[in-house]
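Each remark here refers to the structure printed beneath this line.
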Amino acid sequence: MSVTVNAEISKSENLKQFVKFCLIGLSSTALDVLISRRLMDAYGMNWLLANTLSFLVAVTNGYIWNSLWTFRGMGAARRHTQYVKFVAVNLVGYLLNNSIMKLVFILFTHQIVMKSEPPRTVWFIAKALAIVLVSAWNFLANKRWTFAETAE
């Protein structure tokens with residue numbers, strides 16, 4: 001009976017963490033999309049450079065709030081070590097994000113090398129799909145490695 005109760009508590013705790021992670025992810029996503037679009041629209045910045053700069057702001061926002069709220073008290077690593085791990089996980093996510101976006105651009109425009117920025121609607125579709133797919137990676141990798149219960 002104790003094992004069943006512990007398993008249920010563990011499932012409940014994982015769900016709570018995932019919900020918190022998603023809420024923080026929404027704020028990071030909002031920052032990412034707003035900054036990226038602003039850099040492209042107001043300053044004519046290339047989508048990849050704009051995506052990179054907005055990623056840096058979003059990942060820092062995500063680390064701060066996840067370390068203070070979602071995974072608070074988890075892991076024995078010092079904050080600096082956790083931040084480096086968090087950034088490493090999110091760099092993989094960043095590469096996945098840009099790869100997914102590029103694939104969507106190719107599918108919609110049939111161009112491998114684009115002569116101009118992708119159409120706005122295509123950009124939003126690509127960004128949304130990448131966010132959904134990369135979120136699962138980011139949560140699992142951060143839970144199991146960045147904020148793991150024991151230092152590695």
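Letters A, B, ... go to the chains of the structure tokens in the order shown; residues in each chain start at 1; ligands are counted from 1 in the same order.
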
>> Excluding Asn66 (chain A) and its own-chain neighbours fewer than 5 positions away, which residues fall within 9 Å of it when counting only C-alpha atoms? Please give them as an MDAnalysis selection string.
In response: chainID A and resid 20:21 24 61 71:72

Saved selection, atoms kept: all heavy atoms, as a PDB file, in the first residue's frame:
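Dumped everything to out_38.pdb:
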```pdb
ATOM      1  N   LYS A  20       3.987  23.940 -13.446  1.00  0.00           N
ATOM      2  CA  LYS A  20       4.800  25.115 -13.125  1.00  0.00           C
ATOM      3  C   LYS A  20       5.776  25.417 -14.259  1.00  0.00           C
ATOM      4  O   LYS A  20       5.960  26.569 -14.670  1.00  0.00           O
ATOM      5  CB  LYS A  20       5.576  24.890 -11.825  1.00  0.00           C
ATOM      6  CG  LYS A  20       4.731  24.912 -10.584  1.00  0.00           C
ATOM      7  CD  LYS A  20       5.607  24.628  -9.368  1.00  0.00           C
ATOM      8  CE  LYS A  20       4.837  24.679  -8.075  1.00  0.00           C
ATOM      9  NZ  LYS A  20       5.716  24.404  -6.909  1.00  0.00           N
ATOM     10  N   PHE A  21       6.431  24.348 -14.765  1.00  0.00           N
ATOM     11  CA  PHE A  21       7.392  24.494 -15.848  1.00  0.00           C
ATOM     12  C   PHE A  21       6.706  25.109 -17.074  1.00  0.00           C
ATOM     13  O   PHE A  21       7.258  26.002 -17.730  1.00  0.00           O
ATOM     14  CB  PHE A  21       7.996  23.130 -16.198  1.00  0.00           C
ATOM     15  CG  PHE A  21       9.122  23.184 -17.184  1.00  0.00           C
ATOM     16  CD1 PHE A  21      10.417  23.459 -16.777  1.00  0.00           C
ATOM     17  CD2 PHE A  21       8.888  22.947 -18.536  1.00  0.00           C
ATOM     18  CE1 PHE A  21      11.458  23.507 -17.693  1.00  0.00           C
ATOM     19  CE2 PHE A  21       9.919  22.988 -19.454  1.00  0.00           C
ATOM     20  CZ  PHE A  21      11.204  23.264 -19.030  1.00  0.00           C
ATOM     21  N   ILE A  24       5.922  28.878 -16.504  1.00  0.00           N
ATOM     22  CA  ILE A  24       7.147  29.662 -16.696  1.00  0.00           C
ATOM     23  C   ILE A  24       7.519  29.664 -18.173  1.00  0.00           C
ATOM     24  O   ILE A  24       7.946  30.684 -18.718  1.00  0.00           O
ATOM     25  CB  ILE A  24       8.292  29.120 -15.818  1.00  0.00           C
ATOM     26  CG1 ILE A  24       7.966  29.381 -14.347  1.00  0.00           C
ATOM     27  CG2 ILE A  24       9.629  29.735 -16.211  1.00  0.00           C
ATOM     28  CD1 ILE A  24       8.819  28.615 -13.378  1.00  0.00           C
ATOM     29  N   ASN A  61      15.344  33.981 -18.220  1.00  0.00           N
ATOM     30  CA  ASN A  61      14.068  34.093 -17.515  1.00  0.00           C
ATOM     31  C   ASN A  61      13.637  32.714 -16.996  1.00  0.00           C
ATOM     32  O   ASN A  61      13.245  32.557 -15.841  1.00  0.00           O
ATOM     33  CB  ASN A  61      13.000  34.669 -18.452  1.00  0.00           C
ATOM     34  CG  ASN A  61      11.634  34.723 -17.814  1.00  0.00           C
ATOM     35  OD1 ASN A  61      11.366  35.549 -16.956  1.00  0.00           O
ATOM     36  ND2 ASN A  61      10.741  33.836 -18.236  1.00  0.00           N
ATOM     37  N   PHE A  71      11.604  23.856  -9.467  1.00  0.00           N
ATOM     38  CA  PHE A  71      12.540  22.872  -8.938  1.00  0.00           C
ATOM     39  C   PHE A  71      13.234  23.378  -7.674  1.00  0.00           C
ATOM     40  O   PHE A  71      14.337  22.940  -7.362  1.00  0.00           O
ATOM     41  CB  PHE A  71      13.580  22.511 -10.004  1.00  0.00           C
ATOM     42  CG  PHE A  71      12.979  21.965 -11.267  1.00  0.00           C
ATOM     43  CD1 PHE A  71      13.035  22.691 -12.455  1.00  0.00           C
ATOM     44  CD2 PHE A  71      12.343  20.737 -11.288  1.00  0.00           C
ATOM     45  CE1 PHE A  71      12.488  22.195 -13.624  1.00  0.00           C
ATOM     46  CE2 PHE A  71      11.790  20.231 -12.453  1.00  0.00           C
ATOM     47  CZ  PHE A  71      11.867  20.963 -13.625  1.00  0.00           C
ATOM     48  N   ARG A  72      12.597  24.283  -6.958  1.00  0.00           N
ATOM     49  CA  ARG A  72      13.186  24.873  -5.750  1.00  0.00           C
ATOM     50  C   ARG A  72      13.621  23.779  -4.779  1.00  0.00           C
ATOM     51  O   ARG A  72      12.879  22.857  -4.477  1.00  0.00           O
ATOM     52  CB  ARG A  72      12.177  25.792  -5.070  1.00  0.00           C
ATOM     53  CG  ARG A  72      12.780  26.531  -3.888  1.00  0.00           C
ATOM     54  CD  ARG A  72      11.799  27.472  -3.269  1.00  0.00           C
ATOM     55  NE  ARG A  72      10.928  26.689  -2.386  1.00  0.00           N
ATOM     56  CZ  ARG A  72       9.677  26.985  -2.130  1.00  0.00           C
ATOM     57  NH1 ARG A  72       9.111  28.019  -2.689  1.00  0.00           N
ATOM     58  NH2 ARG A  72       8.968  26.241  -1.337  1.00  0.00           N
TER      59      ARG A  72
END
```

Which residues of region 47-77 of chain A have any atom within 12 Å of an atom in region 121-139 of chain A when counting only C-alpha atoms, and what is the closest pair of atoms for each, with the distance in Å to one decimal? Order the rows by chain and rising number and write it as a Markdown table.
```
| residue | atom | partner | partner_atom | distance |
| --- | --- | --- | --- | --- |
| A:Trp47 | CA | A:Trp123 | CA | 9.0 |
| A:Leu48 | CA | A:Trp123 | CA | 11.4 |
| A:Asn51 | CA | A:Lys127 | CA | 9.8 |
| A:Phe55 | CA | A:Ile131 | CA | 11.5 |
| A:Val59 | CA | A:Asn138 | CA | 10.5 |
| A:Gly62 | CA | A:Asn138 | CA | 10.5 |
| A:Tyr63 | CA | A:Asn138 | CA | 11.2 |
| A:Asn66 | CA | A:Phe139 | CA | 10.2 |
| A:Thr70 | CA | A:Phe139 | CA | 10.5 |
| A:Phe71 | CA | A:Phe139 | CA | 10.8 |
```

Would you export the selected residues with N, CA and C atoms as a JSON list (two decimals), in the first residue's frame, please?
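This went into out.json:
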```json
[["chain", "number", "residue", "atom", "x", "y", "z"],
["A", 47, "TRP", "N", 15.90, 36.41, -39.20],
["A", 47, "TRP", "CA", 15.15, 35.58, -38.25],
["A", 47, "TRP", "C", 16.05, 34.79, -37.33],
["A", 48, "LEU", "N", 17.18, 34.30, -37.83],
["A", 48, "LEU", "CA", 18.06, 33.46, -37.01],
["A", 48, "LEU", "C", 18.77, 34.28, -35.93],
["A", 51, "ASN", "N", 16.14, 35.27, -33.40],
["A", 51, "ASN", "CA", 15.81, 34.08, -32.61],
["A", 51, "ASN", "C", 16.89, 33.81, -31.55],
["A", 55, "PHE", "N", 16.24, 34.10, -27.61],
["A", 55, "PHE", "CA", 16.50, 32.86, -26.87],
["A", 55, "PHE", "C", 17.30, 33.15, -25.60],
["A", 59, "VAL", "N", 15.82, 32.09, -22.04],
["A", 59, "VAL", "CA", 16.44, 31.02, -21.26],
["A", 59, "VAL", "C", 16.86, 31.52, -19.88],
["A", 62, "GLY", "N", 13.71, 31.72, -17.85],
["A", 62, "GLY", "CA", 13.31, 30.36, -17.48],
["A", 62, "GLY", "C", 14.14, 29.80, -16.34],
["A", 63, "TYR", "N", 15.45, 30.00, -16.40],
["A", 63, "TYR", "CA", 16.30, 29.49, -15.32],
["A", 63, "TYR", "C", 15.94, 30.14, -13.98],
["A", 66, "ASN", "N", 12.43, 28.87, -12.82],
["A", 66, "ASN", "CA", 12.39, 27.43, -12.54],
["A", 66, "ASN", "C", 13.23, 27.08, -11.31],
["A", 70, "THR", "N", 9.75, 26.05, -9.68],
["A", 70, "THR", "CA", 9.45, 24.70, -10.15],
["A", 70, "THR", "C", 10.31, 23.65, -9.46],
["A", 71, "PHE", "N", 11.60, 23.86, -9.47],
["A", 71, "PHE", "CA", 12.54, 22.87, -8.94],
["A", 71, "PHE", "C", 13.23, 23.38, -7.67]]
```

> CA of Cys22 (chain A) to CA of Val84 (chain A): how many Å, to one decimal?
Replying inline: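 Between CA of Cys22 (chain A) and CA of Val84 (chain A) the gap works out to 20.8 Å.
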
> CA of Ser54 (chain A) and CA of Ser36 (chain A), how far apart in Å?
Replying inline: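 That distance, rounded to one decimal, is 5.4 Å.
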
> Taking the backbone alone, and naming residues the way the document does, which bits of chain A are helix (DSSP H, G or I) by DSSP, as a PyMOL selection string?
Replying inline: chain A and resi 2-43+47-70+79-109+120-146

> Quick one: distance from CA of Gln82 (chain A) to CA of Phe147 (chain A) in Å, one decimal?
Replying inline: 6.9 Å
